[in-house]
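A short write-up of the structure that comes next.
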Amino acid sequence: MMAMYTPIIGLAVAVFALIFLVLRTRVHALIAMLIAASIAGITGGMGATQTVDAITKGFGSTLGSIGIVIGLGVMMGRVLEVSGAAEQIAYSFIKWLGKRREEWALAITGYIVSIPIFVDSAFVILYPLVKALAKKGKRNLLTLGVALAGGLILTHHAVPPTPGPLGVAGIFGVDIGAMMLAGLVLAIPCVIGIVLYARWLGARYPDFMPQEEEAPQDLRAAHQQYLAEKEGKALPSLMLSLLPILTPIGLIFVNAVNNMLAKREGMGWLAESLWGQSFAFLGSPMIALAISVLLAVYTLMPHANKHDTLERLEEGLQTAGIILLVTGAGGALGAVLRESGAGTQLAEQVAGLPISPVLIPFVIATLVRVIQGSGTVAMITAASISAPIVSLLPGVNMLAAAQAATLGALFFSYFNDSMFWVVNRMMGIKDVRQQMMVWSVPTTIAWAISLCGVVLLDWLL
């Protein structure tokens, strides 16, 4: 009887070791996940050789499907950072939406910009504009800052090619195009919820930023002063700024629609047609993002020499290295759970519980997020543990389960999350209660809204 539950016991020991190593020691998450995978395999009844083979195969298969895409995504993001494209997008939305709607403009900017750019970097890049608008446009700094950060954090959590959701898609075996489209849709109500909260927060702390006696300037003047402080850097046009972001989304979307239509009766010819074959190639995430990187280089950095261009692209790749390794380690842990039988046994137990199976990755991601802080590690860990379980349960949509893992990791960002400190320190907030009001509460609001979205997505699909 005891032997029957050996894989589950091994998994429990592995998860405890993973949490302890990340939380209480100086061991990096990568090594902690490899140690957890080894413990899960050996204590779960697998031999040493079997465990190593499973780790190797899981690591390789996960990175084989998404490794190149992560690399291309961060290269594109780096070009958008250094070219000023993110700033141009922010200014354009502010100009279009008009005065007194700056929070919506900044939230939309964050929603778009964080698809290719890392969330911490994007906030640092755009925060001076927030500060200029608050100072010269007489707006509350908390409202603008939280709106921007909220838009940034949501697509960072839900939409590839951001490495976290991309890794989750690879572990669950979900089509990256479908993951991208679902994430874009699920993030919208969450952004709206955060902006409404940001407006309430501004009313709650109306005197957070004392108003100066100088006359208010219009948004264009505020933006131009900000640019002057940045040494008059020339910005690319809005069309060129958006082109590298929208092109891969468009190509992947057309390919996804083609695939859906080809499955309908009488439409099988579409997949073999020139149109279908062309977009099957151009709309594959790897090719779409390669095209996007080329567009970014030649349209956003037209006058940069070869050395500077390669240096910028390699800077992006440096930031991707550890994320690639952590994602691969998550795939290794998932492979061990599948081969040890822990996934099968847990699936049999979970099938009898009175909860929707799609909530399993959501709950795990939430717990890991609270324990260790990093949203990326939380979603990769949740995917690694839950994918072998939910894949064996009937009636579970894997796309909804994958999004559940990414959005569950939004929960209550606080002291152990780097974004918590980036947002609060840049806005100069020192009071602990106010820090939580500014960032812990809105991330939890987004988490709650996303839970409803995930359940609805699972029901619809």
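Residues are named by chain letter and number: chains run A, B, ... in the order of the structure tokens, numbers start at 1 in each chain, and ligands are numbered from 1 in the order shown.
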
Can you pull out every residue within 12 Å of A:Phe16, counting only C-alpha atoms, but drop anything in the same chain fewer than 2 positions away, and send it as a PyMOL selection string? chain A and resi 9-14+18-24+32-33+35-37+39-40+368+371

Please save N, CA and C atoms of the selected residues as a short mmCIF file (atom, residue, chain, number, x, y, z; two decimals), in the first residue's frame.
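And here is the file that came out, result.cif:
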data_model
loop_
_atom_site.label_atom_id
_atom_site.label_comp_id
_atom_site.auth_asym_id
_atom_site.auth_seq_id
_atom_site.Cartn_x
_atom_site.Cartn_y
_atom_site.Cartn_z
N ILE A 9 4.56 10.84 -2.30
CA ILE A 9 5.42 11.22 -1.17
C ILE A 9 6.70 11.88 -1.69
N GLY A 10 7.24 11.31 -2.76
CA GLY A 10 8.44 11.90 -3.36
C GLY A 10 8.19 13.31 -3.85
N LEU A 11 7.01 13.54 -4.45
CA LEU A 11 6.67 14.88 -4.91
C LEU A 11 6.56 15.85 -3.73
N ALA A 12 5.92 15.41 -2.64
CA ALA A 12 5.77 16.27 -1.47
C ALA A 12 7.12 16.66 -0.90
N VAL A 13 8.03 15.70 -0.83
CA VAL A 13 9.38 15.99 -0.32
C VAL A 13 10.09 16.96 -1.26
N ALA A 14 9.93 16.76 -2.57
CA ALA A 14 10.59 17.62 -3.55
C ALA A 14 10.09 19.05 -3.47
N LEU A 18 12.20 22.33 -2.54
CA LEU A 18 12.25 23.47 -3.45
C LEU A 18 11.93 24.77 -2.71
N ILE A 19 10.86 24.77 -1.95
CA ILE A 19 10.46 25.97 -1.22
C ILE A 19 11.51 26.36 -0.18
N PHE A 20 12.02 25.37 0.53
CA PHE A 20 13.03 25.66 1.56
C PHE A 20 14.29 26.25 0.93
N LEU A 21 14.76 25.66 -0.16
CA LEU A 21 15.99 26.13 -0.78
C LEU A 21 15.85 27.56 -1.31
N VAL A 22 14.72 27.85 -1.94
CA VAL A 22 14.52 29.19 -2.51
C VAL A 22 14.32 30.23 -1.41
N LEU A 23 13.61 29.84 -0.36
CA LEU A 23 13.20 30.80 0.66
C LEU A 23 14.26 31.02 1.73
N ARG A 24 14.96 29.96 2.12
CA ARG A 24 15.80 30.03 3.30
C ARG A 24 17.31 29.90 3.03
N ALA A 32 17.80 24.91 -7.33
CA ALA A 32 16.75 24.39 -6.44
C ALA A 32 15.77 23.51 -7.21
N MET A 33 15.41 23.91 -8.43
CA MET A 33 14.47 23.11 -9.22
C MET A 33 15.10 21.80 -9.69
N ILE A 35 17.45 20.20 -8.04
CA ILE A 35 17.50 19.36 -6.82
C ILE A 35 16.12 18.77 -6.55
N ALA A 36 15.08 19.59 -6.69
CA ALA A 36 13.72 19.10 -6.46
C ALA A 36 13.36 18.00 -7.44
N ALA A 37 13.75 18.16 -8.70
CA ALA A 37 13.47 17.13 -9.71
C ALA A 37 14.19 15.83 -9.36
N ILE A 39 15.11 14.83 -6.34
CA ILE A 39 14.46 14.24 -5.16
C ILE A 39 13.15 13.57 -5.55
N ALA A 40 12.37 14.24 -6.42
CA ALA A 40 11.09 13.67 -6.85
C ALA A 40 11.28 12.35 -7.57
N VAL A 368 3.00 29.56 -4.48
CA VAL A 368 4.44 29.73 -4.71
C VAL A 368 4.79 31.21 -4.78
N ILE A 371 5.06 32.57 -1.32
CA ILE A 371 6.20 32.02 -0.59
C ILE A 371 7.52 32.62 -1.03
#

Could you list, as a PyMOL selection string, every residue within 7 Å of A:Ile66, counting only C-alpha atoms and ignoring same-chain residues fewer than 3 positions away? chain A and resi 62-63+69-70+166-167+170

Tell me which protein, DNA and RNA residues are within 12 Å of A:Gln277, counting only C-alpha atoms, leaving out same-chain ones fewer than 5 positions away, and put them as a PyMOL selection string. chain A and resi 254-255+258-259+262+269-272+282-284

Distance table requested - stretch 355-461 of chain A against stretch 106-119 of chain A, cut-off 12 Å, only C-alpha atoms: one row per qualifying residue with the closest atom pair and its distance in Å to one decimal, ordered by chain and rising residue number, as a Markdown table.
| residue | atom | partner | partner_atom | distance |
| --- | --- | --- | --- | --- |
| A:Gly375 | CA | A:Val119 | CA | 11.2 |
| A:Thr376 | CA | A:Phe118 | CA | 11.3 |
| A:Ser418 | CA | A:Val119 | CA | 10.3 |
| A:Met419 | CA | A:Val119 | CA | 7.9 |
| A:Phe420 | CA | A:Val119 | CA | 11.4 |
| A:Val422 | CA | A:Val119 | CA | 10.0 |
| A:Val423 | CA | A:Val119 | CA | 10.6 |

Next, dump the selected residues to file, keeping only N, CA, C and O atoms, as an mmCIF file, in the first residue's frame.
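In the end it all went to part-v7.cif:
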data_model
loop_
_atom_site.group_PDB
_atom_site.id
_atom_site.type_symbol
_atom_site.label_atom_id
_atom_site.label_comp_id
_atom_site.auth_asym_id
_atom_site.auth_seq_id
_atom_site.Cartn_x
_atom_site.Cartn_y
_atom_site.Cartn_z
ATOM 1 N N GLY A 375 7.252 36.200 -9.831
ATOM 2 C CA GLY A 375 6.129 35.745 -10.635
ATOM 3 C C GLY A 375 6.539 34.716 -11.668
ATOM 4 O O GLY A 375 5.827 33.734 -11.892
ATOM 5 N N THR A 376 7.706 34.918 -12.293
ATOM 6 C CA THR A 376 8.165 33.973 -13.314
ATOM 7 C C THR A 376 8.437 32.608 -12.715
ATOM 8 O O THR A 376 8.015 31.576 -13.259
ATOM 9 N N SER A 418 10.645 41.804 -6.710
ATOM 10 C CA SER A 418 11.457 42.949 -7.148
ATOM 11 C C SER A 418 10.586 44.091 -7.671
ATOM 12 O O SER A 418 10.897 45.274 -7.467
ATOM 13 N N MET A 419 9.488 43.775 -8.348
ATOM 14 C CA MET A 419 8.634 44.830 -8.909
ATOM 15 C C MET A 419 7.997 45.665 -7.801
ATOM 16 O O MET A 419 7.753 46.862 -7.992
ATOM 17 N N PHE A 420 7.735 45.072 -6.660
ATOM 18 C CA PHE A 420 7.190 45.805 -5.515
ATOM 19 C C PHE A 420 8.124 46.950 -5.144
ATOM 20 O O PHE A 420 7.692 48.087 -4.917
ATOM 21 N N VAL A 422 10.630 48.213 -7.088
ATOM 22 C CA VAL A 422 10.826 49.129 -8.215
ATOM 23 C C VAL A 422 9.739 50.197 -8.217
ATOM 24 O O VAL A 422 10.019 51.403 -8.318
ATOM 25 N N VAL A 423 8.481 49.771 -8.098
ATOM 26 C CA VAL A 423 7.357 50.708 -8.132
ATOM 27 C C VAL A 423 7.411 51.662 -6.942
ATOM 28 O O VAL A 423 7.323 52.893 -7.100
#

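With only C-alpha atoms as the basis for measurement, A:Leu243 is the residue among A:Phe208, A:Ala405, A:Leu243, A:Gln434 that approaches A:Ile291 most closely.
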
Please run DSSP on the backbone and report, as JSON, numbers by chain, all residues within stretch 73-115 of chain A that come out as helix (DSSP H, G or I). {"A": [73, 74, 75, 76, 77, 78, 79, 80, 81, 82, 83, 85, 86, 87, 88, 89, 90, 91, 92, 93, 94, 95, 96, 97, 102, 103, 104, 105, 106, 107, 108, 109, 110, 111, 112, 113]}

So which residues touch A:Thr443 within 12 Å, counting only C-alpha atoms, skipping near sequence neighbours fewer than 2 positions away, as a PyMOL selection string? chain A and resi 146-147+149-154+157+190-191+193-195+197-198+366+369+375+407-414+417+419-420+436-441+445-450
